[in-house]
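Comments concern the structure below.
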Amino acid sequence: MAAHTRGTTPEPPQANADPLAALASLPGVADAVDSVRKGVDRVYGHRIMRRRSTEVTSEAALRGARGSAALSGADWALEEVRRRTDFGVDGEPRTVGAALRLTAEAGQLLNVWRQSPLRVLARLHLVAAGGGVADDAVGRPRLAGEPVDEPLIELPLPDAAEVAGRLDGLARLLLAESAAPALVTAAVVHGELLALRPFGSHNGLVARAAERVVLVGSGLDPKSICPAEVGHAEQGRAAYVAALEGYVSGTPDGVAAWIAHCGRSVGLGVRESTAVCEAMQRGA
């Protein structure tokens, strides 16, 4: 894994065999993993999940899309997202529409992800851009000299050659056998994509959708009811960017802080879906 432009993320001794799993030994990461696991288990044990899990999944998808769009500059109220249908126009409606499409698409790509993560990332970018957009830059990593439209992430931008190399390295890590907890893998995928910004647009939306794919596909959240995007948005853009800067720094403390931030985001997603379950139980 290369987590920043000045070198690779420092790894504990003997990390070469399983560098993702090695990150679980960073300070505070084990506690974050344990907290997430316990929270997910609690919401899955809610009595509503035994008979209305499909409804909880649908509501979590809507709320997750709203949260992801908010972090990309379209901070709409939930009910606004629920009632609107005009997502084809430019600006904020287009961002919200892209987030909704990605959330719906993510669950369809689990099998492909296990075989070719890069194909999934290309597909996610195509979906975010609107599917049939006639643009040869859609669905592929950017080339040298191509601009990137990601105004909320102002970190130094790796060049196209570095992007290609690090994407290949990330794919090889994901395809290798790893004992890494799902939270660690999801956080690395999310952070690496934000650090690289491999596409000309929609990188934040794609990164958060990829995090969802990992959390669902790993079996941690198989019904996709714990939307980390909700938690990322609730913690705020400033905290999100600060945590990402820690990841990009490549220091053990910075990477650990990013993983913990992602863990808190999943925990807040758990809290959101628990509230949904409680409301359903009350008949609301």
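Residues are referred to by chain and number: the chain letter is A, B, ... according to the order shown in the structure tokens, the number counts from 1 in that chain, and ligands are numbered separately from 1 in the order shown.
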I'd like a table as a Markdown table: residues in stretch 24-68 of chain A with an atom no more than 12 Å from stretch 105-129 of chain A, each row giving the shortest atom pair and its distance in Å to one decimal, only C-alpha atoms counted, sorted by chain and rising residue number.
| residue | atom | partner | partner_atom | distance |
| --- | --- | --- | --- | --- |
| A:Thr57 | CA | A:Gly107 | CA | 10.8 |
| A:Ser58 | CA | A:Gly107 | CA | 11.6 |
| A:Ala61 | CA | A:Ala106 | CA | 10.1 |
| A:Gly64 | CA | A:Ala106 | CA | 11.7 |
| A:Ala65 | CA | A:Ala106 | CA | 11.2 |
| A:Ser68 | CA | A:Ala128 | CA | 12.0 |
Give me a file of those residues, with C-alpha atoms, as a compact mmCIF listing (two decimals), in the first residue's frame.
# COMPACT_ATOMS: atom_id res chain seq x y z
CA THR A 57 -31.74 -1.90 3.76
CA SER A 58 -33.68 0.45 1.46
CA ALA A 61 -29.29 3.09 1.14
CA GLY A 64 -26.15 6.63 2.89
CA ALA A 65 -26.57 8.29 -0.51
CA SER A 68 -22.21 10.82 0.52
Have a look at atom CA of A:Asp75 and atom CA of A:Pro156 and let me know their distance in Å, one decimal. 25.2 Å
Using DSSP on the backbone, list every residue of stretch 97-197 of chain A that comes out as helix (DSSP H, G or I), and give them as a PyMOL selection string. chain A and resi 97-106+110-115+117-129+160-175+182-196
Could you pull the residues within 8 Å of A:Glu150, counting only C-alpha atoms, minus those fewer than 3 positions along the same chain, as a PyMOL selection string? chain A and resi 153-154+197+201-204
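Considering the residues A:His46, A:Gly200, A:Asp31, A:Leu215 and counting only C-alpha atoms, A:Ala137 has its shortest atom-to-atom contact with A:Gly200.
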Pick out the residues sitting within 7 Å of A:Val184, and hand them over as an mmCIF file with N, CA, C and O atoms, in the first residue's frame; count only C-alpha atoms, and ignore anything fewer than 3 positions along from it in its own chain.
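After the write, around_30.cif holds the following:
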data_model
loop_
_atom_site.group_PDB
_atom_site.id
_atom_site.type_symbol
_atom_site.label_atom_id
_atom_site.label_comp_id
_atom_site.auth_asym_id
_atom_site.auth_seq_id
_atom_site.Cartn_x
_atom_site.Cartn_y
_atom_site.Cartn_z
ATOM 1 N N ALA A 24 -3.862 -3.544 11.498
ATOM 2 C CA ALA A 24 -4.744 -3.776 12.643
ATOM 3 C C ALA A 24 -4.008 -3.663 13.965
ATOM 4 O O ALA A 24 -4.646 -3.517 15.016
ATOM 5 N N ALA A 180 -6.907 -9.226 7.341
ATOM 6 C CA ALA A 180 -7.277 -7.892 7.808
ATOM 7 C C ALA A 180 -8.761 -7.817 8.155
ATOM 8 O O ALA A 180 -9.600 -8.336 7.416
ATOM 9 N N PRO A 181 -9.110 -7.153 9.248
ATOM 10 C CA PRO A 181 -10.520 -6.912 9.534
ATOM 11 C C PRO A 181 -11.158 -6.084 8.420
ATOM 12 O O PRO A 181 -10.485 -5.276 7.760
ATOM 13 N N ALA A 187 -11.304 0.998 5.073
ATOM 14 C CA ALA A 187 -10.704 2.311 5.308
ATOM 15 C C ALA A 187 -9.537 2.559 4.352
ATOM 16 O O ALA A 187 -9.364 3.677 3.840
ATOM 17 N N VAL A 188 -8.734 1.536 4.090
ATOM 18 C CA VAL A 188 -7.609 1.691 3.172
ATOM 19 C C VAL A 188 -8.108 1.957 1.754
ATOM 20 O O VAL A 188 -7.598 2.846 1.058
ATOM 21 N N ILE A 259 -8.376 5.148 10.128
ATOM 22 C CA ILE A 259 -9.147 3.916 10.321
ATOM 23 C C ILE A 259 -10.161 4.101 11.443
ATOM 24 O O ILE A 259 -11.317 3.681 11.327
#
May I have the residues within 8 Å of A:Ala256 as a PDB file with all heavy atoms, in the first residue's frame, using only C-alpha atoms and disregarding those fewer than 4 positions away in the same chain?
ATOM      1  N   LEU A  23      -1.865  -3.477   9.652  1.00  0.00           N
ATOM      2  CA  LEU A  23      -2.413  -2.194  10.102  1.00  0.00           C
ATOM      3  C   LEU A  23      -3.333  -2.353  11.306  1.00  0.00           C
ATOM      4  O   LEU A  23      -3.563  -1.401  12.048  1.00  0.00           O
ATOM      5  CB  LEU A  23      -3.167  -1.511   8.959  1.00  0.00           C
ATOM      6  CG  LEU A  23      -2.330  -1.129   7.739  1.00  0.00           C
ATOM      7  CD1 LEU A  23      -3.206  -0.488   6.669  1.00  0.00           C
ATOM      8  CD2 LEU A  23      -1.184  -0.197   8.113  1.00  0.00           C
ATOM      9  N   LEU A  26      -1.916  -1.219  14.647  1.00  0.00           N
ATOM     10  CA  LEU A  26      -1.650   0.185  14.948  1.00  0.00           C
ATOM     11  C   LEU A  26      -2.461   0.624  16.162  1.00  0.00           C
ATOM     12  O   LEU A  26      -3.537   0.081  16.440  1.00  0.00           O
ATOM     13  CB  LEU A  26      -1.991   1.065  13.741  1.00  0.00           C
ATOM     14  CG  LEU A  26      -1.105   0.890  12.504  1.00  0.00           C
ATOM     15  CD1 LEU A  26      -1.643   1.730  11.347  1.00  0.00           C
ATOM     16  CD2 LEU A  26       0.337   1.259  12.806  1.00  0.00           C
ATOM     17  N   PRO A  27      -1.982   1.619  16.907  1.00  0.00           N
ATOM     18  CA  PRO A  27      -2.646   2.034  18.146  1.00  0.00           C
ATOM     19  C   PRO A  27      -4.108   2.426  17.931  1.00  0.00           C
ATOM     20  O   PRO A  27      -4.421   3.237  17.053  1.00  0.00           O
ATOM     21  CB  PRO A  27      -1.827   3.242  18.599  1.00  0.00           C
ATOM     22  CG  PRO A  27      -0.482   3.039  17.984  1.00  0.00           C
ATOM     23  CD  PRO A  27      -0.740   2.376  16.666  1.00  0.00           C
ATOM     24  N   GLY A  28      -4.990   1.835  18.700  1.00  0.00           N
ATOM     25  CA  GLY A  28      -6.404   2.179  18.667  1.00  0.00           C
ATOM     26  C   GLY A  28      -7.227   1.461  17.626  1.00  0.00           C
ATOM     27  O   GLY A  28      -8.462   1.500  17.672  1.00  0.00           O
ATOM     28  N   VAL A  29      -6.573   0.797  16.674  1.00  0.00           N
ATOM     29  CA  VAL A  29      -7.318   0.167  15.584  1.00  0.00           C
ATOM     30  C   VAL A  29      -8.105  -1.041  16.088  1.00  0.00           C
ATOM     31  O   VAL A  29      -9.258  -1.244  15.715  1.00  0.00           O
ATOM     32  CB  VAL A  29      -6.380  -0.219  14.423  1.00  0.00           C
ATOM     33  CG1 VAL A  29      -7.115  -1.071  13.392  1.00  0.00           C
ATOM     34  CG2 VAL A  29      -5.831   1.041  13.755  1.00  0.00           C
ATOM     35  N   TYR A 247      -4.150  10.009   6.970  1.00  0.00           N
ATOM     36  CA  TYR A 247      -3.876   8.841   6.130  1.00  0.00           C
ATOM     37  C   TYR A 247      -2.797   9.180   5.104  1.00  0.00           C
ATOM     38  O   TYR A 247      -1.832   8.416   4.915  1.00  0.00           O
ATOM     39  CB  TYR A 247      -5.147   8.393   5.418  1.00  0.00           C
ATOM     40  CG  TYR A 247      -4.907   7.237   4.465  1.00  0.00           C
ATOM     41  CD1 TYR A 247      -4.870   5.926   4.935  1.00  0.00           C
ATOM     42  CD2 TYR A 247      -4.683   7.463   3.105  1.00  0.00           C
ATOM     43  CE1 TYR A 247      -4.613   4.863   4.074  1.00  0.00           C
ATOM     44  CE2 TYR A 247      -4.425   6.413   2.245  1.00  0.00           C
ATOM     45  CZ  TYR A 247      -4.398   5.118   2.725  1.00  0.00           C
ATOM     46  OH  TYR A 247      -4.134   4.077   1.868  1.00  0.00           O
ATOM     47  N   PRO A 252       2.177   6.138  11.215  1.00  0.00           N
ATOM     48  CA  PRO A 252       1.314   5.175  11.903  1.00  0.00           C
ATOM     49  C   PRO A 252       0.143   5.832  12.617  1.00  0.00           C
ATOM     50  O   PRO A 252      -0.988   5.338  12.544  1.00  0.00           O
ATOM     51  CB  PRO A 252       2.275   4.492  12.879  1.00  0.00           C
ATOM     52  CG  PRO A 252       3.619   4.598  12.226  1.00  0.00           C
ATOM     53  CD  PRO A 252       3.616   5.939  11.539  1.00  0.00           C
ATOM     54  N   ALA A 260      -9.736   4.757  12.533  1.00  0.00           N
ATOM     55  CA  ALA A 260     -10.658   5.003  13.644  1.00  0.00           C
ATOM     56  C   ALA A 260     -11.796   5.920  13.217  1.00  0.00           C
ATOM     57  O   ALA A 260     -12.951   5.734  13.626  1.00  0.00           O
ATOM     58  CB  ALA A 260      -9.900   5.612  14.824  1.00  0.00           C
TER      59      ALA A 260
END
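Each of A:Cys226, A:Ala242, A:Ala104, A:Leu183 was checked against A:Gly254 using only C-alpha atoms; the smallest atom-to-atom distance is that of A:Ala242.
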Here is a test: counting only C-alpha atoms, which residue of A:Val40, A:Ala74, A:Ala179, A:Val148 is nearest to A:Ala17?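 The shortest atom-to-atom distance to A:Ala17 comes from A:Ala179.
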So the first atom is atom CA of A:Leu157 and the second is atom CA of A:Gly67; what is the distance between them in Å, to one decimal place?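 Straight-line distance from atom CA of A:Leu157 to atom CA of A:Gly67 works out to 24.5 Å.
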